[in-house]
Number of protein chains: 2
Amino acid sequence: MPELDVSPLAPARFPTLPVIPGLRLAAHAAGERYRRRADLTLAELAPGSTIAGVFTRSTMPGAPVVWCRKHIAKGKARAIVINAGNANVFTGRQGMDDVAATARAIAGAVGCKPGEVMVASTGVIGETLSVDRLVRAVPSLHAKLKTQGWLAAAKAICTTDTYPKGASAEAEIDGQAIRIAGIAKGSGMIAPDMATMLSFLFTDAKLPAGVLRDLLQWANSRSFNCITVDGDTSTSDTVLLAATGQGPKHARITDAKDKRLASFKAALLSVMQDLAKQVVRDGEGASKFITVSVTGAASARAARQIAMTIANSPLVKTAIAGEDANWGRIIMAVGRAGEAADRDGLSITIGGVAIAEHGHPHPDYREEQVVPHMRGREIDIAVDVGVGRGKAVVWTCDLTHGYISINADYRS
Amino acid sequence: MPELDVSPLAPARFPTLPVIPGLRLAAHAAGERYRRRADLTLAELAPGSTIAGVFTRSTMPGAPVVWCRKHIAKGKARAIVINAGNANVFTGRQGMDDVAATARAIAGAVGCKPGEVMVASTGVIGETLSVDRLVRAVPSLHAKLKTQGWLAAAKAICTTDTYPKGASAEAEIDGQAIRIAGIAKGSGMIAPDMATMLSFLFTDAKLPAGVLRDLLQWANSRSFNCITVDGDTSTSDTVLLAATGQGPKHARITDAKDKRLASFKAALLSVMQDLAKQVVRDGEGASKFITVSVTGAASARAARQIAMTIANSPLVKTAIAGEDANWGRIIMAVGRAGEAADRDGLSITIGGVAIAEHGHPHPDYREEQVVPHMRGREIDIAVDVGVGRGKAVVWTCDLTHGYISINADYRS
């Protein structure tokens, strides 16, 4: 793996994340693939913790995804273990055995059932895990657990990421202050139609697994499912949301539609959108962060499809890399999205400058108007396709020489 | 537009193409966009010629596509005019007026109705055509018509292409020798789910337009619709097949299923596959020509979807650019294609070397076995997904720094 410069779109620093009562974190250098860095991460959850997850829709899911899908159905977890460097994908029966062995080792250290251990892996596909090495590392890993292990954990789950990603928010339920915090990793093989890359979210609220599941799906469809780097969906995408119930006591909640969850929902969405955007900001080779807003579509689904087609177009992404407000390529992408769009009702703005309106280049548009915007780090594209009221927002990055350099060298 | 080196995948030379009785070609420098090169092309067809076409499925088609769709329904044409440099797309009412003016000027010179003139344009999107310049150039263009104008025409329709593309074949109908020849252009904005870039095919056979239409659709689905460079579908894709009926007299054919067309169908398919592959070989920045064969899918449609997902994956394409037999990314692409695939029945070969078999890395596989193949110009990927009998072949190229350089600079 080449040494990569930190993305120019990276946040200034890793945020200060709160202690979540009932959660401890640890990271350890198990040496599975990387040298001189931690690559094995453990999140220990207090007894009684609930959990929900969303996973890749790939038909070739990794063994850890298969394991989690099976065991998360019960909605309970005591630990999450993550290894970076080997995805344990396309490893057949051996891969499943290796996940089980890892879960057993963690369960032994934490004092729970193997089925209460969720497992996630990221890295090379098609290589068998050095599972003995992982199992041997478990006692040292467990010994490192602490309540303020955020930065170490956020770093240890990275692969081609150039910076660690974390976010948090406060909420209240029933007048009680609740915390939500999480970490994420991802920078390539980031795509639509997915449950996303790896992200682990924690709260000290006390919420049944069914409620967590509904909240997670709601927020995921507005955050991680709205990003794309290269349109390639990973075999290992996993987002887990765990609730320790160790925060201040609050009223019993049994339905995600409960109005007392309004603040919690907003906070959860803000954490997940923050992390999702951080993944895009670390997109392989990214030099620009791009927001694509589509309005006037036949439905929200159609709007998302059009926005994703624009966001995944190599021609649009390379034009932006070249700081060229090449709106003809945006029209091309709208045209190929396959959704209803009215050529003679189409409008485009870039950076707030009206470029095309009602099917024509805007009469006042001069290219120099958008030059300062195109030279910036944050590019805003808004398209109204003129047929209905459906709208969607998608976040992506540009396509540069950096993406080619990273992916023609690094084996993932 | 930057000066581009000729693709390393280019054929050694432009082929010698036969005279097609009833067809004359001309190219002229109208100066619409390019300097010091011909950019306006005319194909004149003998009275009685029939024609069929397939066009982009984009919902934002260019004005010339709208014009052709309307007029080709009658199945008759006396001329095809093509301009390079300006696609006449997203130009509203003015764009339609400009196509009509161009067709009228050509009709005047050739002596036919404007509706018997097919028009195709390629180049920048969203700029109004300098139609007066084109109309003024028509007499000079018409004066240059000759029976052996192939190379000049093949060059004049190019934009970012690095070499002109032509192909021909001989066939027989009813014992009579028939000729088929054609030209094509395209190197970026080349994608699936389309009718393709520009290609113009001619034969001296005498065939009704309905038969031509069926033959063209049959061959197109096995040639231009099996290629992709960047997954981006153009707003201007057009393939026209014209029959002058000026070759040796043969039996009257009224049905594309007529057994006497067997040789003609094979020849047409060979010309169209040759041209389609030449478009891929001129893919922007291409350094490798890639054949993706998928077998064992639930249906031919599913196989094509899986093959296209592999062929459009930026991670697969960059790995090949880096001469890395990164089969994990092939598995990722199969997984995200959304079609039935059996993880434990999956097999992959690259360059004939068995890499994965029945869901496991092949026990005898060593990476050095495929190194010579990966260093070559022609890469063969074969995937069996182990669920059925559907199969498909797709042709594509790798994704290199050259693609980024071309597209971050050139405005298309």
# chains A, B, ... in the order shown; residues from 1 in each chain; ligands from 1
$ interface_residues --of "chain A" --to "chain B" --cutoff "7 Å" --atoms "only C-alpha atoms" --output "VMD selection string"
chain A and resid 58 to 60 90 to 92 125 to 126 230 232 to 235 313 to 315 318 to 319 321 to 322 326 328 331 to 332 335 to 336 338 341 343 to 344 359 to 361 400 to 401 404 407 to 409 411
$ write_last_selection --atoms "N, CA and C atoms" --output "tab-separated table (two decimals), in the first residue's frame"
chain	number	residue	atom	x	y	z
A	58	SER	N	-24.58	-6.69	-1.86
A	58	SER	CA	-23.81	-7.54	-2.78
A	58	SER	C	-24.27	-8.99	-2.67
A	59	THR	N	-24.29	-9.68	-3.82
A	59	THR	CA	-24.60	-11.11	-3.79
A	59	THR	C	-23.36	-11.94	-3.43
A	60	MET	N	-22.23	-11.28	-3.22
A	60	MET	CA	-20.98	-11.95	-2.83
A	60	MET	C	-20.52	-11.44	-1.47
A	90	PHE	N	-14.94	-14.32	-0.13
A	90	PHE	CA	-14.63	-15.38	-1.10
A	90	PHE	C	-13.60	-16.33	-0.51
A	91	THR	N	-13.88	-16.74	0.72
A	91	THR	CA	-12.97	-17.63	1.43
A	91	THR	C	-13.71	-18.89	1.86
A	92	GLY	N	-14.93	-19.07	1.30
A	92	GLY	CA	-15.66	-20.33	1.45
A	92	GLY	C	-15.90	-20.74	2.89
A	125	ILE	N	-9.64	-9.07	-0.81
A	125	ILE	CA	-10.64	-10.11	-1.08
A	125	ILE	C	-9.94	-11.38	-1.54
A	126	GLY	N	-10.42	-12.53	-1.06
A	126	GLY	CA	-9.97	-13.81	-1.60
A	126	GLY	C	-8.75	-14.40	-0.93
A	230	ASP	N	-16.99	5.80	-6.39
A	230	ASP	CA	-16.68	5.22	-7.69
A	230	ASP	C	-17.76	4.29	-8.22
A	232	ASP	N	-18.66	1.56	-7.14
A	232	ASP	CA	-18.38	0.15	-6.87
A	232	ASP	C	-18.80	-0.21	-5.45
A	233	THR	N	-19.72	-1.17	-5.34
A	233	THR	CA	-20.25	-1.56	-4.04
A	233	THR	C	-19.37	-2.63	-3.40
A	234	SER	N	-18.99	-2.41	-2.17
A	234	SER	CA	-18.13	-3.36	-1.47
A	234	SER	C	-18.89	-4.62	-1.09
A	235	THR	N	-18.14	-5.69	-0.91
A	235	THR	CA	-18.68	-6.96	-0.42
A	235	THR	C	-18.80	-6.97	1.09
A	313	SER	N	-20.97	9.66	-13.02
A	313	SER	CA	-20.48	9.81	-14.38
A	313	SER	C	-18.99	10.16	-14.39
A	314	PRO	N	-18.16	9.30	-14.99
A	314	PRO	CA	-16.73	9.63	-15.06
A	314	PRO	C	-16.49	10.94	-15.81
A	315	LEU	N	-17.35	11.25	-16.78
A	315	LEU	CA	-17.15	12.48	-17.55
A	315	LEU	C	-17.47	13.72	-16.71
A	318	THR	N	-14.55	13.95	-14.02
A	318	THR	CA	-13.26	14.42	-14.53
A	318	THR	C	-13.35	15.89	-14.93
A	319	ALA	N	-14.50	16.32	-15.43
A	319	ALA	CA	-14.66	17.74	-15.77
A	319	ALA	C	-14.46	18.59	-14.51
A	321	ALA	N	-12.84	17.74	-11.82
A	321	ALA	CA	-11.40	17.68	-11.47
A	321	ALA	C	-10.63	18.72	-12.27
A	322	GLY	N	-11.04	18.94	-13.52
A	322	GLY	CA	-10.38	19.92	-14.37
A	322	GLY	C	-10.93	21.33	-14.19
A	326	ASN	N	-18.55	21.97	-17.06
A	326	ASN	CA	-18.99	21.34	-18.30
A	326	ASN	C	-20.40	20.81	-18.12
A	328	GLY	N	-22.72	20.37	-20.24
A	328	GLY	CA	-23.16	19.44	-21.28
A	328	GLY	C	-23.09	18.00	-20.78
A	331	ILE	N	-26.07	17.22	-18.63
A	331	ILE	CA	-27.22	16.89	-19.47
A	331	ILE	C	-27.11	15.46	-19.99
A	332	MET	N	-25.92	15.09	-20.42
A	332	MET	CA	-25.69	13.72	-20.86
A	332	MET	C	-26.10	12.74	-19.76
A	335	GLY	N	-29.72	12.48	-19.19
A	335	GLY	CA	-30.29	11.74	-20.32
A	335	GLY	C	-30.13	10.25	-20.22
A	336	ARG	N	-29.03	9.81	-19.61
A	336	ARG	CA	-28.84	8.37	-19.56
A	336	ARG	C	-29.42	7.75	-18.29
A	338	GLY	N	-32.33	7.37	-17.41
A	338	GLY	CA	-33.48	6.50	-17.70
A	338	GLY	C	-34.74	6.91	-16.97
A	341	ALA	N	-37.58	13.05	-17.66
A	341	ALA	CA	-36.99	14.39	-17.59
A	341	ALA	C	-37.46	15.14	-18.83
A	343	ARG	N	-36.67	17.69	-21.53
A	343	ARG	CA	-35.53	18.40	-22.10
A	343	ARG	C	-35.79	19.89	-22.17
A	344	ASP	N	-37.01	20.24	-22.47
A	344	ASP	CA	-37.31	21.66	-22.64
A	344	ASP	C	-37.75	22.34	-21.34
A	359	GLY	N	-34.55	24.39	-20.85
A	359	GLY	CA	-34.11	23.75	-22.08
A	359	GLY	C	-33.16	24.55	-22.94
A	360	HIS	N	-32.70	25.70	-22.42
A	360	HIS	CA	-31.76	26.50	-23.20
A	360	HIS	C	-30.61	26.93	-22.30
A	361	PRO	N	-29.45	27.18	-22.88
A	361	PRO	CA	-28.42	27.88	-22.12
A	361	PRO	C	-29.02	29.21	-21.64
A	400	THR	N	-9.84	11.90	-10.24
A	400	THR	CA	-8.55	12.52	-10.57
A	400	THR	C	-7.48	11.47	-10.87
A	401	HIS	N	-6.32	11.96	-11.25
A	401	HIS	CA	-5.17	11.07	-11.42
A	401	HIS	C	-4.89	10.29	-10.14
A	404	ILE	N	-6.57	6.90	-10.04
A	404	ILE	CA	-5.89	5.92	-10.90
A	404	ILE	C	-4.62	5.42	-10.21
A	407	ASN	N	-5.44	3.03	-7.34
A	407	ASN	CA	-6.07	1.76	-7.67
A	407	ASN	C	-5.34	0.92	-8.70
A	408	ALA	N	-4.37	1.52	-9.36
A	408	ALA	CA	-3.55	0.71	-10.25
A	408	ALA	C	-2.40	0.08	-9.45
A	409	ASP	N	-2.28	0.47	-8.19
A	409	ASP	CA	-1.18	-0.05	-7.37
A	409	ASP	C	-1.67	-0.93	-6.23
A	411	ARG	N	-3.72	-3.36	-3.97
A	411	ARG	CA	-4.61	-4.50	-4.15
A	411	ARG	C	-5.66	-4.51	-3.06
$ residues_around --residues "Val117 of chain B" --least-positions-apart "3" --cutoff "8 Å" --atoms "only C-alpha atoms" --output "VMD selection string"
chain B and resid 77 to 81 103 106 to 107 113 to 114
$ select_by_dssp --residues "segment 286-359 of chain B" --states "strand (DSSP E)" --output "mmCIF file with C-alpha atoms, in the first residue's frame"
data_model
loop_
_atom_site.group_PDB
_atom_site.id
_atom_site.type_symbol
_atom_site.label_atom_id
_atom_site.label_comp_id
_atom_site.auth_asym_id
_atom_site.auth_seq_id
_atom_site.Cartn_x
_atom_site.Cartn_y
_atom_site.Cartn_z
ATOM 1 C CA PHE B 289 -8.330 -4.234 -24.750
ATOM 2 C CA ILE B 290 -10.451 -6.345 -22.403
ATOM 3 C CA THR B 291 -12.864 -9.156 -23.277
ATOM 4 C CA VAL B 292 -15.252 -10.078 -20.474
ATOM 5 C CA SER B 293 -17.076 -13.379 -20.976
ATOM 6 C CA VAL B 294 -19.764 -14.425 -18.536
ATOM 7 C CA THR B 295 -21.325 -17.891 -18.548
ATOM 8 C CA GLY B 296 -23.572 -19.806 -16.206
ATOM 9 C CA ALA B 297 -25.952 -16.896 -15.599
ATOM 10 C CA SER B 347 -15.212 -19.664 -11.235
ATOM 11 C CA ILE B 348 -12.840 -17.107 -12.759
ATOM 12 C CA THR B 349 -10.127 -17.487 -15.358
ATOM 13 C CA ILE B 350 -7.857 -14.726 -16.597
ATOM 14 C CA VAL B 353 -5.478 -19.493 -16.120
ATOM 15 C CA ALA B 354 -7.919 -20.870 -13.526
ATOM 16 C CA ILE B 355 -7.844 -18.448 -10.607
ATOM 17 C CA ALA B 356 -10.993 -19.226 -8.666
ATOM 18 C CA GLU B 357 -13.043 -22.385 -8.871
#
$ residues_around --residues "segment 38-54 of chain A" --least-positions-apart "4" --cutoff "7 Å" --atoms "only C-alpha atoms" --output "mmCIF file with C-alpha atoms, in the first residue's frame"
data_model
loop_
_atom_site.group_PDB
_atom_site.id
_atom_site.type_symbol
_atom_site.label_atom_id
_atom_site.label_comp_id
_atom_site.auth_asym_id
_atom_site.auth_seq_id
_atom_site.Cartn_x
_atom_site.Cartn_y
_atom_site.Cartn_z
ATOM 1 C CA GLY A 22 -21.540 1.186 28.671
ATOM 2 C CA LEU A 23 -19.022 1.332 25.797
ATOM 3 C CA ARG A 24 -15.279 0.672 25.897
ATOM 4 C CA LEU A 25 -12.949 0.629 22.892
ATOM 5 C CA ALA A 26 -9.548 -0.871 22.123
ATOM 6 C CA ALA A 27 -7.185 -1.163 19.148
ATOM 7 C CA HIS A 28 -4.199 -3.451 18.770
ATOM 8 C CA ALA A 29 -1.549 -4.327 16.190
ATOM 9 C CA ALA A 30 -2.306 -7.957 15.384
ATOM 10 C CA TYR A 34 -0.210 -4.141 8.180
ATOM 11 C CA ILE A 72 -28.098 -9.610 14.665
ATOM 12 C CA GLY A 75 -30.975 -7.658 18.502
ATOM 13 C CA LYS A 76 -28.406 -8.224 21.249
ATOM 14 C CA ALA A 77 -24.655 -7.707 21.275
ATOM 15 C CA ARG A 78 -21.852 -7.529 23.806
ATOM 16 C CA ALA A 79 -18.992 -6.827 21.420
ATOM 17 C CA ILE A 80 -18.005 -5.759 17.910
ATOM 18 C CA VAL A 81 -14.626 -6.830 16.533
ATOM 19 C CA ILE A 82 -13.175 -5.358 13.342
ATOM 20 C CA ASN A 83 -10.024 -6.332 11.469
ATOM 21 C CA ALA A 84 -8.491 -4.229 8.692
ATOM 22 C CA ALA A 153 -10.358 2.761 17.047
ATOM 23 C CA ALA A 156 -7.356 0.993 13.353
ATOM 24 C CA ILE A 157 -10.348 0.308 11.070
ATOM 25 C CA ALA A 195 -25.748 -0.404 3.098
ATOM 26 C CA PRO A 208 -35.227 -1.968 21.879
ATOM 27 C CA ALA A 209 -33.513 -3.511 18.847
ATOM 28 C CA LEU A 212 -32.938 0.837 16.577
ATOM 29 C CA ARG A 213 -33.451 -1.037 13.321
ATOM 30 C CA THR A 238 -21.627 -2.801 7.347
ATOM 31 C CA VAL A 239 -23.209 -0.155 9.573
ATOM 32 C CA LEU A 240 -23.981 -1.110 13.163
ATOM 33 C CA LEU A 241 -25.872 0.972 15.703
ATOM 34 C CA ALA A 242 -25.641 -0.184 19.319
ATOM 35 C CA ALA A 243 -27.503 1.207 22.329
ATOM 36 C CA THR A 244 -26.012 0.502 25.753
ATOM 37 C CA GLY A 245 -28.932 1.827 27.790
#
$ atom_distance --atom1 "atom CA of Cys112 of chain A" --atom2 "atom CA of Ala63 of chain A"
20.9 Å
$ residues_around --residues "His373 of chain A" --least-positions-apart "4" --cutoff "8 Å" --atoms "only C-alpha atoms" --output "number ranges by chain"
A: 351, 378-379
$ residues_around --residues "Phe264 of chain A" --least-positions-apart "2" --cutoff "8 Å" --atoms "only C-alpha atoms" --output "list in words"
Glu170, Ala171, Glu172, Ile173, Ile178, Leu261, Ala262, Ala266, Ala267 and Leu268 of chain A
$ atom_distance --atom1 "atom CA of Ala307 of chain A" --atom2 "atom CA of Arg366 of chain A"
24.7 Å
$ atom_distance --atom1 "atom CA of Met272 of chain A" --atom2 "atom CA of Thr396 of chain A"
15.4 Å
$ closest_residue --among "A:Ser263, A:Thr254, A:Gln369, A:Thr16" --to "Ser168 of chain A" --atoms "only C-alpha atoms"
A:Thr16
$ select_by_dssp --residues "segment 13-174 of chain A" --states "helix (DSSP H, G or I)" --output "ChimeraX atom specification"
/A:63-74,92-110,114-116,131-143,150-156
$ residues_around --residues "Ser299 of chain B" --least-positions-apart "2" --cutoff "7 Å" --atoms "only C-alpha atoms" --output "list in words"
Ala297, Arg301, Ala302, Ala303, Arg389, Gly390 and Lys391 of chain B
$ decode --residues "segment 263-276 of chain A" --atoms "N, CA and C atoms" --output "PDB file, in the first residue's frame"
ATOM      1  N   SER A 263     -35.725  14.421  18.673  1.00  0.00           N
ATOM      2  CA  SER A 263     -34.379  14.962  18.860  1.00  0.00           C
ATOM      3  C   SER A 263     -33.322  13.884  18.589  1.00  0.00           C
ATOM      4  N   PHE A 264     -33.620  12.661  19.043  1.00  0.00           N
ATOM      5  CA  PHE A 264     -32.675  11.557  18.828  1.00  0.00           C
ATOM      6  C   PHE A 264     -32.502  11.287  17.334  1.00  0.00           C
ATOM      7  N   LYS A 265     -33.610  11.270  16.607  1.00  0.00           N
ATOM      8  CA  LYS A 265     -33.548  11.014  15.158  1.00  0.00           C
ATOM      9  C   LYS A 265     -32.698  12.074  14.455  1.00  0.00           C
ATOM     10  N   ALA A 266     -32.940  13.329  14.837  1.00  0.00           N
ATOM     11  CA  ALA A 266     -32.180  14.412  14.194  1.00  0.00           C
ATOM     12  C   ALA A 266     -30.687  14.271  14.499  1.00  0.00           C
ATOM     13  N   ALA A 267     -30.376  13.906  15.754  1.00  0.00           N
ATOM     14  CA  ALA A 267     -28.970  13.765  16.141  1.00  0.00           C
ATOM     15  C   ALA A 267     -28.323  12.586  15.427  1.00  0.00           C
ATOM     16  N   LEU A 268     -29.070  11.478  15.347  1.00  0.00           N
ATOM     17  CA  LEU A 268     -28.538  10.297  14.656  1.00  0.00           C
ATOM     18  C   LEU A 268     -28.265  10.618  13.188  1.00  0.00           C
ATOM     19  N   LEU A 269     -29.226  11.303  12.559  1.00  0.00           N
ATOM     20  CA  LEU A 269     -29.040  11.658  11.150  1.00  0.00           C
ATOM     21  C   LEU A 269     -27.838  12.573  10.980  1.00  0.00           C
ATOM     22  N   SER A 270     -27.674  13.512  11.901  1.00  0.00           N
ATOM     23  CA  SER A 270     -26.546  14.443  11.758  1.00  0.00           C
ATOM     24  C   SER A 270     -25.216  13.711  11.899  1.00  0.00           C
ATOM     25  N   VAL A 271     -25.124  12.757  12.833  1.00  0.00           N
ATOM     26  CA  VAL A 271     -23.883  11.986  12.985  1.00  0.00           C
ATOM     27  C   VAL A 271     -23.624  11.156  11.727  1.00  0.00           C
ATOM     28  N   MET A 272     -24.665  10.502  11.216  1.00  0.00           N
ATOM     29  CA  MET A 272     -24.468   9.624  10.059  1.00  0.00           C
ATOM     30  C   MET A 272     -24.171  10.420   8.791  1.00  0.00           C
ATOM     31  N   GLN A 273     -24.817  11.574   8.624  1.00  0.00           N
ATOM     32  CA  GLN A 273     -24.494  12.404   7.446  1.00  0.00           C
ATOM     33  C   GLN A 273     -23.080  12.949   7.550  1.00  0.00           C
ATOM     34  N   ASP A 274     -22.698  13.329   8.761  1.00  0.00           N
ATOM     35  CA  ASP A 274     -21.346  13.832   8.969  1.00  0.00           C
ATOM     36  C   ASP A 274     -20.325  12.759   8.568  1.00  0.00           C
ATOM     37  N   LEU A 275     -20.519  11.532   9.061  1.00  0.00           N
ATOM     38  CA  LEU A 275     -19.589  10.445   8.744  1.00  0.00           C
ATOM     39  C   LEU A 275     -19.634  10.106   7.256  1.00  0.00           C
ATOM     40  N   ALA A 276     -20.826  10.086   6.677  1.00  0.00           N
ATOM     41  CA  ALA A 276     -20.955   9.762   5.250  1.00  0.00           C
ATOM     42  C   ALA A 276     -20.196  10.782   4.398  1.00  0.00           C
TER      43      ALA A 276
END
